[in-house]
>>> print(open('my_file-v4.tsv').read())   # TSV, C-alpha atoms and all ligand atoms
chain	number	residue	atom	x	y	z
A	8	MET	CA	-40.46	35.71	-123.51
A	9	ILE	CA	-41.16	38.78	-121.45
A	10	GLU	CA	-42.57	41.60	-123.53
A	11	GLY	CA	-40.15	44.47	-124.13
A	12	TYR	CA	-37.07	42.53	-122.97
A	13	SER	CA	-35.40	40.61	-125.80
A	14	ASN	CA	-34.47	37.04	-124.89
A	15	LEU	CA	-35.64	37.42	-121.28
A	16	THR	CA	-37.78	34.44	-120.46
A	17	LYS	CA	-39.83	33.80	-117.37
A	18	GLU	CA	-37.40	30.98	-116.50
A	19	THR	CA	-34.37	33.27	-116.77
A	20	LEU	CA	-36.06	35.83	-114.54
A	21	GLN	CA	-36.95	33.12	-112.03
A	22	ASP	CA	-33.30	31.99	-111.98
A	23	PHE	CA	-32.21	35.57	-111.28
A	24	LEU	CA	-34.65	35.89	-108.44
A	25	ASN	CA	-33.58	32.54	-106.98
A	26	THR	CA	-29.84	33.08	-107.18
A	27	MET	CA	-28.91	36.75	-107.00
A	28	PRO	CA	-27.33	37.88	-103.68
A	29	ALA	CA	-30.20	40.24	-102.90
A	30	VAL	CA	-33.79	40.07	-101.74
A	31	LEU	CA	-36.06	41.79	-104.24
A	32	TYR	CA	-39.39	43.03	-103.09
A	33	GLU	CA	-42.25	45.37	-103.85
A	34	TYR	CA	-44.68	46.90	-101.48
A	35	VAL	CA	-47.32	49.57	-101.29
A	36	LEU	CA	-47.89	52.18	-98.65
A	37	PHE	CA	-51.51	53.33	-98.46
A	38	ASP	CA	-52.68	56.80	-97.52
A	39	ASN	CA	-54.13	55.52	-94.23
A	40	GLY	CA	-50.60	54.46	-93.17
A	41	SER	CA	-51.10	50.73	-93.67
A	42	SER	CA	-48.76	48.87	-96.00
A	43	GLU	CA	-48.67	45.63	-97.86
A	44	LEU	CA	-45.83	43.49	-99.16
A	45	LEU	CA	-46.79	42.45	-102.68
A	46	TYR	CA	-43.76	40.40	-103.56
A	47	MET	CA	-40.50	39.17	-102.07
A	48	SER	CA	-37.91	36.97	-103.81
A	49	PRO	CA	-37.05	33.49	-102.46
A	50	THR	CA	-33.53	34.68	-101.47
A	51	SER	CA	-35.12	36.16	-98.32
A	52	LEU	CA	-34.63	32.77	-96.66
A	53	ASP	CA	-30.85	32.99	-97.09
A	54	ILE	CA	-30.47	36.70	-96.41
A	55	LEU	CA	-33.23	37.49	-93.89
A	56	GLY	CA	-33.64	34.03	-92.37
A	57	HIS	CA	-37.33	33.60	-93.28
A	58	PRO	CA	-39.08	32.58	-96.52
A	59	PRO	CA	-40.94	35.28	-98.49
A	60	GLU	CA	-44.35	34.01	-97.35
A	61	TYR	CA	-43.44	34.79	-93.76
A	62	PHE	CA	-43.12	38.50	-94.53
A	63	ILE	CA	-45.87	38.65	-97.18
A	64	ALA	CA	-48.33	37.31	-94.58
A	65	ASP	CA	-47.55	40.30	-92.35
A	66	ILE	CA	-45.25	43.17	-93.43
A	67	GLU	CA	-44.82	44.17	-89.77
A	68	ARG	CA	-42.62	41.07	-89.41
A	69	LEU	CA	-40.06	42.83	-91.61
A	70	TRP	CA	-39.75	45.70	-89.14
A	71	ALA	CA	-39.76	43.21	-86.27
A	72	ILE	CA	-36.42	41.69	-87.34
A	73	VAL	CA	-34.69	45.09	-87.38
A	74	HIS	CA	-32.33	45.65	-84.44
A	75	PRO	CA	-34.13	47.72	-81.73
A	76	ASP	CA	-31.34	50.34	-81.83
A	77	ASP	CA	-31.87	50.91	-85.57
A	78	ILE	CA	-35.65	50.93	-85.74
A	79	ASP	CA	-36.16	54.65	-85.00
A	80	GLN	CA	-33.77	55.63	-87.75
A	81	LEU	CA	-35.50	53.27	-90.16
A	82	MET	CA	-38.91	54.76	-89.37
A	83	ALA	CA	-37.61	58.32	-89.70
A	84	GLU	CA	-36.01	57.58	-93.09
A	85	ASP	CA	-39.20	55.83	-94.21
A	86	VAL	CA	-41.29	58.90	-93.36
A	87	LYS	CA	-38.81	61.19	-95.14
A	88	SER	CA	-38.65	59.20	-98.37
A	89	THR	CA	-42.43	58.69	-98.42
A	90	GLU	CA	-42.99	62.44	-98.05
A	91	ARG	CA	-40.50	63.18	-100.82
A	92	ASN	CA	-41.74	60.18	-102.81
A	93	ASP	CA	-38.09	59.45	-103.44
A	94	ILE	CA	-35.43	56.81	-102.94
A	95	PHE	CA	-35.01	55.17	-99.52
A	96	VAL	CA	-31.50	53.97	-98.61
A	97	LEU	CA	-30.42	52.77	-95.19
A	98	GLN	CA	-27.97	50.41	-93.54
A	99	VAL	CA	-29.43	48.59	-90.54
A	100	ARG	CA	-28.76	45.57	-88.41
A	101	ILE	CA	-31.26	42.71	-88.45
A	102	ILE	CA	-31.60	39.82	-86.03
A	103	LEU	CA	-31.73	36.36	-87.58
A	104	PRO	CA	-33.85	33.54	-86.09
A	105	SER	CA	-30.55	32.11	-84.69
A	106	GLY	CA	-30.12	35.34	-82.69
A	107	GLN	CA	-27.12	36.40	-84.77
A	108	GLN	CA	-26.90	39.95	-86.08
A	109	LYS	CA	-26.35	40.89	-89.69
A	110	TRP	CA	-25.85	44.23	-91.43
A	111	VAL	CA	-28.08	44.79	-94.48
A	112	LEU	CA	-28.51	47.59	-96.97
A	113	ILE	CA	-32.14	48.45	-97.77
A	114	ASN	CA	-32.75	50.35	-100.97
A	115	SER	CA	-36.18	51.09	-102.46
A	116	LYS	CA	-37.74	53.48	-104.94
A	117	PRO	CA	-41.30	54.41	-105.97
A	118	THR	CA	-42.47	53.05	-109.35
A	119	GLN	CA	-45.10	54.56	-111.66
A	120	ARG	CA	-47.42	51.67	-110.94
A	121	LYS	CA	-50.21	52.02	-108.41
A	122	LYS	CA	-52.45	49.84	-106.31
A	123	ASN	CA	-55.68	51.31	-104.93
A	124	ASN	CA	-54.39	54.76	-105.94
A	125	ALA	CA	-51.12	54.36	-103.94
A	126	PHE	CA	-47.69	54.08	-105.57
A	127	ILE	CA	-45.98	50.72	-105.55
A	128	TRP	CA	-42.40	50.79	-104.31
A	129	CYS	CA	-39.81	48.24	-105.31
A	130	GLY	CA	-36.40	47.61	-103.88
A	131	TYR	CA	-33.73	45.23	-102.75
A	132	ILE	CA	-31.95	44.19	-99.55
A	133	THR	CA	-28.32	43.02	-99.62
A	134	ASP	CA	-26.06	41.50	-96.98
A	135	ILE	CA	-23.28	44.02	-96.16
A	136	SER	CA	-21.89	42.29	-93.07
A	137	ALA	CA	-18.49	41.62	-94.69
A	138	GLN	CA	-18.19	45.25	-95.79
A	139	LYS	CA	-19.25	46.45	-92.34
A	140	SER	CA	-16.76	44.30	-90.47
A	141	ALA	CA	-14.02	45.49	-92.85
A	142	GLU	CA	-15.10	49.09	-92.10
A	143	GLN	CA	-15.16	48.42	-88.36
A	144	GLU	CA	-11.74	46.75	-88.56
A	145	ALA	CA	-10.39	49.74	-90.50
A	146	ALA	CA	-11.91	52.20	-87.97
A	147	LEU	CA	-10.31	50.21	-85.14
A	148	ARG	CA	-6.93	50.23	-86.90
A	149	THR	CA	-7.26	53.99	-87.54
A	150	ALA	CA	-8.08	54.64	-83.88
A	151	GLU	CA	-5.11	52.47	-82.82
A	152	LEU	CA	-2.85	54.32	-85.27
A	153	GLN	CA	-4.06	57.69	-84.01
A	154	GLU	CA	-3.41	56.58	-80.45
A	155	SER	CA	0.16	55.45	-81.25
A	156	GLU	CA	0.76	58.66	-83.22
A	157	LYS	CA	-0.36	60.65	-80.17
A	158	LYS	CA	2.03	58.69	-77.93
A	159	LEU	CA	4.85	59.14	-80.43
A	160	ASN	CA	4.26	62.89	-80.64
A	161	LYS	CA	4.33	63.12	-76.87
A	162	LEU	CA	7.56	61.13	-76.76
A	163	ASN	CA	9.09	63.34	-79.43
A	164	GLU	CA	8.06	66.41	-77.48
A	165	THR	CA	9.76	65.00	-74.37
A	166	LEU	CA	12.87	64.10	-76.36
A	167	GLU	CA	13.01	67.55	-77.95
A	168	LYS	CA	12.70	69.10	-74.51
A	169	LEU	CA	15.39	66.82	-73.07
A	170	ALA	CA	17.71	67.71	-75.94
A	171	VAL	CA	17.70	71.38	-74.93
A	172	GLN	CA	17.24	71.03	-71.18
A	173	ASP	CA	19.86	70.43	-68.53
A	174	GLY	CA	18.85	67.19	-66.83
A	175	MET	CA	19.86	68.20	-63.32
A	176	THR	CA	18.77	71.84	-62.99
A	177	GLY	CA	15.91	71.87	-65.54
A	178	ILE	CA	17.12	75.10	-67.16
A	179	ALA	CA	18.43	75.36	-70.74
A	180	ASN	CA	21.58	73.38	-71.51
A	181	ARG	CA	24.76	74.29	-73.37
A	182	ARG	CA	23.35	73.08	-76.68
A	183	ALA	CA	20.30	75.33	-76.38
A	184	PHE	CA	22.58	78.21	-75.42
A	185	ASP	CA	24.82	77.73	-78.49
A	186	THR	CA	21.78	77.79	-80.76
A	187	ARG	CA	20.37	80.90	-79.06
A	188	LEU	CA	23.75	82.68	-79.15
A	189	GLU	CA	24.03	82.18	-82.91
A	190	TYR	CA	20.45	83.36	-83.43
A	191	GLU	CA	20.80	86.48	-81.26
A	192	TRP	CA	24.23	87.31	-82.68
A	193	ASN	CA	22.75	87.41	-86.19
A	194	ARG	CA	19.64	89.28	-85.09
A	195	CYS	CA	21.56	91.94	-83.16
A	196	GLN	CA	23.93	92.32	-86.12
A	197	ARG	CA	21.00	92.90	-88.48
A	198	GLU	CA	19.35	95.34	-86.07
A	199	LYS	CA	22.68	96.97	-85.08
A	200	GLN	CA	22.00	96.28	-81.42
A	201	PRO	CA	24.55	95.45	-78.69
A	202	LEU	CA	24.75	91.91	-77.36
A	203	SER	CA	26.06	91.18	-73.85
A	204	LEU	CA	26.99	87.96	-72.13
A	205	ILE	CA	27.47	87.19	-68.45
A	206	MET	CA	29.55	84.17	-67.51
A	207	ILE	CA	28.90	83.04	-63.93
A	208	ASP	CA	30.94	80.65	-61.80
A	209	VAL	CA	30.25	79.47	-58.25
A	210	ASP	CA	33.06	80.38	-55.89
A	211	PHE	CA	35.04	77.65	-54.20
A	212	PHE	CA	32.61	75.03	-55.29
A	213	LYS	CA	35.17	72.24	-55.09
A	214	GLN	CA	35.47	73.01	-51.38
A	215	TYR	CA	31.68	73.01	-51.08
A	216	ASN	CA	31.51	69.50	-52.54
A	217	ASP	CA	34.38	68.36	-50.39
A	218	HIS	CA	32.78	69.78	-47.27
A	219	TYR	CA	29.08	69.01	-47.78
A	220	GLY	CA	29.22	66.13	-50.25
A	221	HIS	CA	28.48	65.87	-53.95
A	222	LEU	CA	24.70	65.46	-53.51
A	223	ALA	CA	24.50	68.64	-51.45
A	224	GLY	CA	26.58	70.23	-54.21
A	225	ASP	CA	23.95	69.15	-56.76
A	226	ASP	CA	21.18	70.67	-54.61
A	227	CYS	CA	23.15	73.88	-54.33
A	228	LEU	CA	23.53	74.11	-58.13
A	229	LYS	CA	19.78	73.51	-58.51
A	230	MET	CA	19.03	76.38	-56.10
A	231	ILE	CA	21.40	78.69	-57.96
A	232	ALA	CA	19.89	77.74	-61.34
A	233	LYS	CA	16.40	78.40	-60.00
A	234	ALA	CA	17.40	81.76	-58.59
A	235	LEU	CA	19.21	82.84	-61.76
A	236	SER	CA	16.41	81.83	-64.10
A	237	SER	CA	13.75	83.38	-61.85
A	238	ILE	CA	15.17	86.88	-62.21
A	239	VAL	CA	15.52	86.87	-66.00
A	240	LYS	CA	13.61	90.02	-66.91
A	241	ARG	CA	13.15	90.29	-70.66
A	242	GLU	CA	11.69	87.55	-72.81
A	243	THR	CA	14.80	87.64	-75.02
A	244	ASP	CA	17.22	87.26	-72.08
A	245	PHE	CA	18.42	83.68	-71.93
A	246	CYS	CA	19.83	81.78	-68.96
A	247	ALA	CA	21.56	78.40	-69.34
A	248	ARG	CA	23.87	76.01	-67.54
A	249	PHE	CA	27.14	76.35	-69.39
A	250	GLY	CA	28.61	73.23	-67.77
A	251	GLY	CA	29.64	72.06	-64.30
A	252	GLU	CA	29.24	74.93	-61.83
A	253	GLU	CA	29.19	77.56	-64.60
A	254	PHE	CA	26.11	79.41	-65.79
A	255	VAL	CA	25.69	81.85	-68.64
A	256	LEU	CA	23.28	84.65	-69.37
A	257	LEU	CA	22.73	86.13	-72.81
A	258	LEU	CA	21.36	89.68	-72.96
A	259	PRO	CA	20.35	90.83	-76.46
A	260	ASN	CA	19.79	94.57	-77.12
A	261	THR	CA	21.77	95.27	-73.94
A	262	ALA	CA	24.94	97.39	-73.69
A	263	LEU	CA	27.81	96.85	-71.24
A	264	THR	CA	26.63	99.21	-68.46
A	265	PRO	CA	23.13	97.74	-68.00
A	266	ALA	CA	24.62	94.24	-68.41
A	267	MET	CA	27.03	95.02	-65.53
A	268	GLN	CA	24.09	96.12	-63.40
A	269	ILE	CA	22.22	92.91	-64.19
A	270	ALA	CA	25.30	90.84	-63.29
A	271	GLU	CA	25.50	92.73	-59.97
A	272	ASP	CA	21.80	91.96	-59.33
A	273	TYR	CA	22.50	88.27	-59.95
A	274	ARG	CA	25.49	88.27	-57.63
A	275	GLU	CA	23.34	89.95	-54.94
A	276	LYS	CA	20.52	87.49	-55.45
A	277	ILE	CA	22.84	84.51	-54.89
A	278	ASN	CA	24.27	86.16	-51.76
A	279	GLN	CA	20.72	86.57	-50.49
A	280	LEU	CA	20.10	82.83	-50.78
A	281	GLU	CA	22.50	82.53	-47.81
A	282	ILE	CA	23.49	78.96	-48.60
A	283	SER	CA	26.00	78.19	-45.90
A	284	HIS	CA	29.56	77.58	-47.21
A	285	GLU	CA	31.85	77.19	-44.24
A	286	SER	CA	34.95	76.35	-46.25
A	287	SER	CA	34.72	79.33	-48.61
A	288	ALA	CA	37.48	81.92	-48.42
A	289	ALA	CA	35.11	84.44	-50.03
A	290	GLY	CA	32.57	84.55	-47.21
A	291	SER	CA	30.37	82.37	-45.02
A	292	SER	CA	27.82	81.59	-47.71
A	293	ILE	CA	27.71	80.58	-51.37
A	294	SER	CA	28.73	83.37	-53.75
A	295	ILE	CA	29.29	83.73	-57.46
A	296	SER	CA	31.81	85.58	-59.60
A	297	ALA	CA	30.73	86.98	-62.95
A	298	GLY	CA	32.46	88.17	-66.11
A	299	VAL	CA	30.59	90.43	-68.49
A	300	SER	CA	31.42	91.01	-72.17
A	301	SER	CA	29.56	93.15	-74.65
A	302	THR	CA	29.86	94.09	-78.29
A	303	LEU	CA	28.04	95.22	-81.42
A	304	PRO	CA	27.96	92.01	-83.49
A	305	ALA	CA	29.52	92.36	-86.94
A	306	ASP	CA	30.91	90.18	-89.73
A	307	ASP	CA	34.53	90.64	-88.67
A	308	LYS	CA	33.81	89.42	-85.12
A	309	SER	CA	32.65	86.08	-83.81
A	310	ALA	CA	30.15	85.03	-81.19
A	311	LEU	CA	32.83	82.79	-79.69
A	312	THR	CA	34.90	85.89	-78.89
A	313	LEU	CA	31.99	87.12	-76.80
A	314	ILE	CA	32.28	83.94	-74.70
A	315	GLU	CA	36.08	84.17	-74.51
A	316	LYS	CA	35.97	87.79	-73.34
A	317	ALA	CA	33.34	87.01	-70.70
A	318	ASP	CA	35.55	84.13	-69.58
A	319	GLN	CA	38.55	86.47	-69.29
A	320	ALA	CA	36.47	88.94	-67.28
A	321	LEU	CA	35.34	86.07	-65.04
A	322	TYR	CA	38.98	85.11	-64.51
A	323	GLN	CA	39.66	88.70	-63.48
A	324	ALA	CA	36.78	88.55	-60.98
A	325	LYS	CA	38.27	85.39	-59.50
A	326	MET	CA	41.75	86.96	-59.35
A	327	ASN	CA	40.36	90.10	-57.75
A	328	GLY	CA	38.89	88.21	-54.81
A	329	ARG	CA	35.68	86.48	-56.08
A	330	ASN	CA	32.08	87.41	-55.19
A	331	ARG	CA	32.42	90.23	-57.71
A	332	VAL	CA	31.70	91.25	-61.29
A	333	GLU	CA	34.28	92.28	-63.92
A	334	LYS	CA	33.76	93.42	-67.49
A	335	ILE	CA	35.42	93.45	-70.91
A	336	SER	CA	34.02	95.32	-73.87
A	337	PHE	CA	35.39	94.61	-77.32
A	338	SER	CA	34.88	96.37	-80.58
B	401	LIG	N1	27.98	68.63	-57.04
B	401	LIG	C1	28.34	68.98	-58.26
B	401	LIG	N2	29.57	69.50	-58.46
B	401	LIG	C2	29.93	69.86	-59.69
B	401	LIG	C3	29.04	69.71	-60.77
B	401	LIG	N3	29.68	70.18	-61.87
B	401	LIG	C4	30.92	70.57	-61.46
B	401	LIG	N4	31.07	70.38	-60.15
B	401	LIG	C5	32.23	70.62	-59.30
B	401	LIG	O1	32.54	72.00	-59.25
B	401	LIG	C6	33.89	72.11	-58.85
B	401	LIG	C7	34.53	73.25	-59.54
B	401	LIG	O2	35.79	73.36	-59.03
B	401	LIG	P1	36.90	74.39	-59.54
B	401	LIG	O3	36.80	74.48	-61.01
B	401	LIG	O4	38.20	73.98	-58.95
B	401	LIG	O5	36.45	75.74	-59.01
B	401	LIG	P2	35.99	76.22	-57.59
B	401	LIG	O6	36.26	75.21	-56.53
B	401	LIG	O7	34.54	76.61	-57.70
B	401	LIG	O8	36.88	77.44	-57.35
B	401	LIG	P3	36.80	78.86	-58.02
B	401	LIG	O9	35.96	78.72	-59.27
B	401	LIG	O10	38.18	79.22	-58.31
B	401	LIG	O11	36.15	79.76	-57.03
B	401	LIG	C8	34.54	70.77	-59.16
B	401	LIG	O12	34.90	70.12	-57.94
B	401	LIG	C9	33.47	69.99	-59.87
B	401	LIG	O13	33.52	68.62	-59.55
B	401	LIG	C10	27.77	69.15	-60.53
B	401	LIG	O14	26.94	68.98	-61.41
B	401	LIG	N5	27.45	68.81	-59.26
>>> encode(input="my_file-v4.tsv", output="structure tokens", more="lines below")
Ligand SMILES: Nc1nc2c(ncn2[C@@H]2O[C@H](COP(=O)(O)OP(=O)(O)OP(=O)(O)O)[C@@H](O)[C@H]2O)c(=O)[nH]1
Amino acid sequence: MIEGYSNLTKETLQDFLNTMPAVLYEYVLFDNGSSELLYMSPTSLDILGHPPEYFIADIERLWAIVHPDDIDQLMAEDVKSTERNDIFVLQVRIILPSGQQKWVLINSKPTQRKKNNAFIWCGYITDISAQKSAEQEAALRTAELQESEKKLNKLNETLEKLAVQDGMTGIANRRAFDTRLEYEWNRCQREKQPLSLIMIDVDFFKQYNDHYGHLAGDDCLKMIAKALSSIVKRETDFCARFGGEEFVLLLPNTALTPAMQIAEDYREKINQLEISHESSAAGSSISISAGVSSTLPADDKSALTLIEKADQALYQAKMNGRNRVEKISFS
């Protein structure tokens, strides 16, 4: 029976040391820097690949089996815990006689016992390879997940953009315009500000397609969209393709007179592009007609009326000879 431990016999203790999944050891580190392994349990053969006598004969052999990439960290931790005279814990890789690598956890602590005036340390080493490969597997899965999440976010971004962008011209589409119109209508109503809308239509565009071909027609619409969106002045002004050869411009905080001036600027700008249109009855190059409507948004009016009125003004511009701007204000 071992003194102080009821029912613990030497045999029981020996069985523990022979069978437990850990290498138990004690060692002493002398003031002159030399060290000595005093004991190591027989399980070292299974876990470290060498019998205890191999390491007891020369403690340096213990450091020699540590993976070269982990040795510096082991030495640094050893110095730290010796200086603090406190627990040493570290995970390192060791190299087995077969050349295989294994992750182990080293854990040791100073005891109150001494040899030649130096404290004896005791500790244990356990095999943590299974835990490590599970951790590495989990880290790999996490990295893969993060990568797919990144790709998904990018795809969503593209989809979101496509949902509000006109595929051919690259400017905002009708859907984005409808959303913006509702937003600005409500905002201008709250702030008691006028809201104006310019409806733009390319003149004799059917003839352009018939004369130059549908692909040239597409290119022409792209040039017009680029020109219109490039002269949008205020951040809150919003230019979109309304559909077909029609474009729309929303001008919050803008009354009818300045909106008319802006529409004139747009008409001028398109004239200046000088896109040849030989079969146009409105001139020798591409022109636009524009209808402007403006109102002070209120509960008893609707944003749709703003579109309808701009459309009516546009019709007037067409009737009055095209390449011109007409207006309708409604209260
Ligand atoms: N190339 C091309 N043509 C388009 C596109 N969308 C609409 N169009 C054409 O635009 C033409 C519009 O014709 P109309 O509505 O008769 O008007 P218009 O010929 O411009 O005559 P006015 O508006 O009266 O000056 C049609 O021939 C449509 O096919 C497009 O994305 N690309």
>>> atom_distance(input="my_file-v4.tsv", atom1="atom CA of A:Leu166", atom2="atom O1 of ligand LIG 401 (chain B)")
27.2 Å
>>> closest_atom_pairs(input="my_file-v4.tsv", of="chain A", to="ligand LIG 401 (chain B)", cutoff="6 Å", atoms="all atoms listed in the file", output="Markdown table")
| residue | atom | partner | partner_atom | distance |
| --- | --- | --- | --- | --- |
| A:Asp208 | CA | B:LIG401 | O9 | 5.9 |
| A:Val209 | CA | B:LIG401 | O7 | 5.2 |
| A:Asp210 | CA | B:LIG401 | O11 | 3.4 |
| A:Phe211 | CA | B:LIG401 | O6 | 3.6 |
| A:Phe212 | CA | B:LIG401 | O7 | 3.5 |
| A:Lys213 | CA | B:LIG401 | O6 | 3.5 |
| A:Gln214 | CA | B:LIG401 | O6 | 5.7 |
| A:Asn216 | CA | B:LIG401 | N1 | 5.8 |
| A:His221 | CA | B:LIG401 | N1 | 4.2 |
| A:Leu222 | CA | B:LIG401 | N1 | 5.8 |
| A:Gly224 | CA | B:LIG401 | N1 | 3.5 |
| A:Asp225 | CA | B:LIG401 | N1 | 4.1 |
| A:Gly251 | CA | B:LIG401 | N3 | 3.1 |
| A:Glu252 | CA | B:LIG401 | C4 | 4.7 |
>>> closest_residue(input="my_file-v4.tsv", among="A:Ile54, A:Leu36, A:Ile207, A:Ile72", to="A:Asp85", atoms="all atoms listed in the file")
A:Leu36
>>> axis_aligned_box(input="my_file-v4.tsv", around="stretch 246-257 of chain A", padding_each_side="4 Å", output="lines of an AutoDock Vina configuration file")
center_x = 24.7
center_y = 79.1
center_z = -67.3
size_x = 17.8
size_y = 22.1
size_z = 19.0
>>> residues_around(input="my_file-v4.tsv", residues="A:Gly56", least_positions_apart="6", cutoff="12 Å", atoms="only C-alpha atoms", output="list in words")
Val30, Pro49, Thr50, Phe62, Arg68, Leu69, Ile72, Ile101, Ile102, Leu103, Pro104, Ser105, Gly106, Gln107, Gln108, Lys109 and Asp134 of chain A
>>> residues_around(input="my_file-v4.tsv", residues="stretch 263-277 of chain A", least_positions_apart="4", cutoff="10 Å", atoms="only C-alpha atoms", output="PyMOL selection string")
chain A and resi 201-207+209+230-232+234-236+238-240+256-259+281-282+292-302+330-337
